[in-house]
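Trainee: This is the structure I want to talk about, given as structure tokens.
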Amino acid sequence: MLERYFLKPKTVDRIRGNWLGSAIERYVEWLDQEGYAVRNVYRRVPMLCHFGQFAQEHGAQTLAQAAALVDDFARHWLSEHAKAGASKEARGKIEEEARNPANQMLRLVLPEHHGGGRHPQPEPFLAEAPGFFAYLREERGLKETSVRHYRYYLNRFAAFLARQEVTSLKQLSIAILAAFVVDSAPELSPSSRRGLCAVLKVFLRYCQREQILAHDLSQAVEMPQAYRLAELPRSISWDDVRRMLAMVDRRTVRGRRDYAILLLLVTYGLRAHEVASLTLDDIDWQRDRLQVPERKAGHWTAYPLASVVGTAILEYLQHGRPQTADRHLFFRTLAPRLPLRSSAISQSAGFYLRQTGITVRRAGAHTLRHTCVQRLVDAEFSLKAIGDYVGHRSPSSTEIYAKVATEALREVALGDGEAL
């Protein structure tokens, strides 16, 4: 693989002669497989050779020892390449340009190395409540996505206790719990506040059950009041949908991908994670069907594949999707070639909504889901049929859309009021 990029045998020999030579060559193969531009290979390989020399000069004899020197190397690289008077941002960029390739390479050859990647949040309170997360998984049967939800809020709780110099769960009191909820509330939406309180109550009940706490403090955590149908759906008009779709530049790979994603969101009311989970196997081209497995309600749904959606997906498959053994449908347009995450899908939807000049609260994938449901309500489908169509777990999730005649109110707002 090195010969593909470096024509001179001496250059190839020098790279392979580095004590990290085999790791560097494997990294070059990975860069090629993931679709990185050639310039990335030319820029990163010399840097990694310098990293190998630096690590060896500092006594590294194993990959694990080299991994411990990545940050030191980044600082060394910064000292040699930063211009005098460079801004803090520029210096940080130079340092990251040295750190990132070293961490990427080490993650390939050293499975336990996580430097530079996304670190999973630690499980808090392991010293005093070591069995709590096993209890969530095994006794309560929670999925890993729900466990992450608990981990997130309890890490916030642990950080708050540290700021308050509370060193043990036995020091908890009603006042401390109330202070935590009040401190967290301004940063959270109403539903997130309820989520935080629910997590806290489960954790406190567990601590009392395991005799970590002498009393059940969960009763002191009051759930914020929530009123059914209190909020309006975040839908937009169908004219706005057309304007948004027209904003997508389908001449580019990203445009072809995003156009297909937007159509899936607004045609079928799919959630962002449902679009992210779609694979090539979920499309039955012979029978013109789209299958959405593992929905939130615990079932799967099969839809007729609308011609406009099928055409958009086919255009992306033929002129955009990378050649890869991975069966996921949608991929990043930039290297590395990884499947799109649900967060990226929601961000793309929000991007096009803002580009079109559409103002909506929390613009994202769910805006288009709401729009799909509202259009079905306006077409006078039954709430049961609509709930089944979009995969609502409960009929109450659909009821909110019957609360307001959106199109009728728009006509009133645009008219002179005589119809009233």
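Lettering and numbering for the structure tokens are positional, with chains as A, B, ... in the shown order, residues counted from 1 in each chain, and ligands counted from 1 in the shown order.
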So that I can check the surroundings of Leu2 of chain A, please list as a PyMOL selection string every protein, DNA and RNA residue that reaches within 12 Å of it, counting only C-alpha atoms and ignoring chain neighbours fewer than 4 positions away.

Mentor: chain A and resi 6-16+21-32+38+41-42+45

Trainee: Skipping near chain neighbours, those fewer than 3 positions away, what residues fall within 9 Å of Asp281 of chain A using only C-alpha atoms, listed as a PyMOL selection string?

Mentor: chain A and resi 278+284+291+327-329

Trainee: Need the shell around Gly52 of chain A: protein/DNA/RNA residues with any atom at most 9 Å away, counting only C-alpha atoms. Skip same-chain ones fewer than 2 positions apart. Format as number ranges by chain?

Mentor: A: 18-21, 47-50, 54-57, 60, 66

Trainee: Just to confirm, what's the straight-line distance from atom CA of Arg361 of chain A to atom CA of Tyr150 of chain A in Å (one decimal)?

Mentor: 26.2 Å

Trainee: Hey, what does DSSP flag as strand (DSSP E or B) within segment 65-301 of chain A? Can you give it to me as a JSON list (two decimals) with N, CA and C atoms, in the first residue's frame?

Mentor:
```
[["chain", "number", "residue", "atom", "x", "y", "z"],
["A", 279, "THR", "N", -31.21, -0.09, 6.41],
["A", 279, "THR", "CA", -30.17, -0.80, 5.67],
["A", 279, "THR", "C", -30.67, -1.09, 4.25],
["A", 283, "ILE", "N", -35.22, -2.28, 1.99],
["A", 283, "ILE", "CA", -35.92, -1.82, 0.78],
["A", 283, "ILE", "C", -36.15, -3.01, -0.14],
["A", 284, "ASP", "N", -37.39, -3.31, -0.39],
["A", 284, "ASP", "CA", -37.78, -4.38, -1.30],
["A", 284, "ASP", "C", -38.15, -3.75, -2.64],
["A", 289, "ARG", "N", -41.52, -1.83, -1.51],
["A", 289, "ARG", "CA", -41.84, -1.70, -0.09],
["A", 289, "ARG", "C", -40.63, -1.20, 0.70],
["A", 290, "LEU", "N", -40.95, -0.44, 1.72],
["A", 290, "LEU", "CA", -39.95, 0.03, 2.67],
["A", 290, "LEU", "C", -40.30, -0.53, 4.04],
["A", 291, "GLN", "N", -39.35, -1.22, 4.64],
["A", 291, "GLN", "CA", -39.59, -1.80, 5.96],
["A", 291, "GLN", "C", -38.81, -1.03, 7.01],
["A", 292, "VAL", "N", -39.48, -0.68, 8.10],
["A", 292, "VAL", "CA", -38.84, 0.03, 9.21],
["A", 292, "VAL", "C", -38.90, -0.89, 10.43],
["A", 301, "THR", "N", -42.81, -1.72, 10.77],
["A", 301, "THR", "CA", -43.83, -1.22, 9.85],
["A", 301, "THR", "C", -43.34, -1.39, 8.42]]
```

Trainee: One decimal, in Å: what's the spacing between atom CA of Thr359 of chain A and atom CA of Arg243 of chain A?

Mentor: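 Atom CA of Thr359 of chain A sits 13.1 Å away from atom CA of Arg243 of chain A.
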
Trainee: Which value, in Å to one decimal, gives the distance between atom CA of Ser173 of chain A and atom CA of Leu217 of chain A?

Mentor: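 It comes out at 7.6 Å.
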
Trainee: From a DSSP calculation on the backbone, collect every residue of segment 238-324 of chain A in alpha helix (DSSP H) and output the set as a PyMOL selection string.

Mentor: chain A and resi 238-246+253-268+272-277+307-319

Trainee: Excluding Ala260 of chain A and residues on its chain fewer than 5 positions from it, collect all residues at most 7 Å away from it, counting only C-alpha atoms, and give them as an MDAnalysis selection string.

Mentor: chainID A and resid 309 312:313

Trainee: Ranking A:Gly310, A:Ser235, A:Leu264, A:Pro322 by minimum distance to Leu334 of chain A and counting only C-alpha atoms, which one comes first?

Mentor: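 Smallest separation from Leu334 of chain A among the options: A:Pro322.
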
Trainee: Please identify all polymer residues within 7 Å of segment 203-214 of chain A, counting only C-alpha atoms, omitting same-chain residues fewer than 4 positions from it, and present them as a PDB file with N, CA and C atoms, in the first residue's frame.

Mentor:
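Full text of around_32.pdb as output:
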```
ATOM      1  N   LYS A 170     -24.261   9.144  51.819  1.00  0.00           N
ATOM      2  CA  LYS A 170     -24.875   9.183  53.152  1.00  0.00           C
ATOM      3  C   LYS A 170     -25.102  10.614  53.629  1.00  0.00           C
ATOM      4  N   VAL A 199     -35.098   9.697  36.952  1.00  0.00           N
ATOM      5  CA  VAL A 199     -33.830   8.979  37.161  1.00  0.00           C
ATOM      6  C   VAL A 199     -33.405   9.079  38.617  1.00  0.00           C
ATOM      7  N   SER A 218     -36.442   9.314  47.863  1.00  0.00           N
ATOM      8  CA  SER A 218     -37.089   9.519  46.568  1.00  0.00           C
ATOM      9  C   SER A 218     -38.403  10.278  46.711  1.00  0.00           C
TER      10      SER A 218
END
```

Trainee: Which residues are close to His299 of chain A, i.e. within 12 Å by only C-alpha atoms, leaving aside same-chain residues fewer than 2 positions away? Reply as a list of chain:residue names.

Mentor: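 Residues near the query, excluding close chain neighbours: A:Gln291, A:Val292, A:Pro293, A:Glu294, A:Arg295, A:Lys296, A:Ala297, A:Thr301, A:Ala302, A:Asp388, A:Tyr389, A:Val390, A:Gly391, A:His392, A:Arg393.
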
Trainee: Store the residues of this selection in a file with N, CA and C atoms, as a compact mmCIF listing (two decimals), in the first residue's frame.

Mentor:
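And here's result_2.txt as it stands now:
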```txt
# COMPACT_ATOMS: atom_id res chain seq x y z
N GLN A 291 -39.35 -1.22 4.64
CA GLN A 291 -39.59 -1.80 5.96
C GLN A 291 -38.81 -1.03 7.01
N VAL A 292 -39.48 -0.68 8.10
CA VAL A 292 -38.84 0.03 9.21
C VAL A 292 -38.90 -0.89 10.43
N PRO A 293 -37.81 -1.57 10.76
CA PRO A 293 -37.83 -2.50 11.89
C PRO A 293 -37.52 -1.81 13.21
N GLU A 294 -37.80 -2.51 14.30
CA GLU A 294 -37.41 -2.08 15.65
C GLU A 294 -37.82 -0.63 15.94
N ARG A 295 -39.10 -0.36 15.79
CA ARG A 295 -39.59 0.98 16.08
C ARG A 295 -39.73 1.18 17.59
N LYS A 296 -39.98 2.41 17.97
CA LYS A 296 -40.07 2.75 19.38
C LYS A 296 -41.18 1.98 20.08
N ALA A 297 -42.24 1.68 19.36
CA ALA A 297 -43.37 0.99 19.96
C ALA A 297 -43.14 -0.52 20.04
N THR A 301 -42.81 -1.72 10.77
CA THR A 301 -43.83 -1.22 9.85
C THR A 301 -43.34 -1.39 8.42
N ALA A 302 -44.23 -1.82 7.54
CA ALA A 302 -43.92 -1.89 6.11
C ALA A 302 -44.76 -0.86 5.38
N ASP A 388 -50.75 4.33 13.95
CA ASP A 388 -50.13 3.12 13.39
C ASP A 388 -49.15 3.48 12.28
N TYR A 389 -49.50 4.48 11.48
CA TYR A 389 -48.67 4.87 10.34
C TYR A 389 -47.30 5.38 10.79
N VAL A 390 -47.28 6.21 11.82
CA VAL A 390 -46.01 6.81 12.25
C VAL A 390 -45.38 6.08 13.43
N GLY A 391 -46.02 5.00 13.89
CA GLY A 391 -45.40 4.21 14.95
C GLY A 391 -45.53 4.80 16.32
N HIS A 392 -46.65 5.47 16.62
CA HIS A 392 -46.85 5.99 17.97
C HIS A 392 -47.11 4.83 18.92
N ARG A 393 -46.51 4.89 20.09
CA ARG A 393 -46.68 3.84 21.08
C ARG A 393 -48.04 3.93 21.74
```

Trainee: Would you mind listing what lies within 7 Å of segment 95-97 of chain A as number ranges by chain, with only C-alpha atoms counted and same-chain residues fewer than 2 positions away left out?

Mentor: A: 74-75, 77-78, 91-93, 99-100

Trainee: Hey, can you spit out that residue selection with C-alpha atoms as a PDB file, in the first residue's frame?

Mentor:
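Below is the file that was written, result37.pdb:
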```pdb
ATOM      1  CA  ALA A  74       1.433  17.033  20.307  1.00  0.00           C
ATOM      2  CA  ARG A  75       2.952  19.687  22.578  1.00  0.00           C
ATOM      3  CA  TRP A  77       4.949  19.370  17.547  1.00  0.00           C
ATOM      4  CA  LEU A  78       3.276  22.621  18.554  1.00  0.00           C
ATOM      5  CA  ARG A  91      -2.203  26.732  18.412  1.00  0.00           C
ATOM      6  CA  GLY A  92      -4.966  24.337  19.406  1.00  0.00           C
ATOM      7  CA  LYS A  93      -5.496  23.382  15.764  1.00  0.00           C
ATOM      8  CA  ARG A  99      -2.648  14.308  18.139  1.00  0.00           C
ATOM      9  CA  ASN A 100      -5.441  13.081  15.876  1.00  0.00           C
TER      10      ASN A 100
END
```

Trainee: Counting only C-alpha atoms, which of A:Phe157, A:Phe351, A:Phe73, A:Phe125 gets nearest to Ala102 of chain A?

Mentor: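 Smallest distance to Ala102 of chain A is found for A:Phe73.
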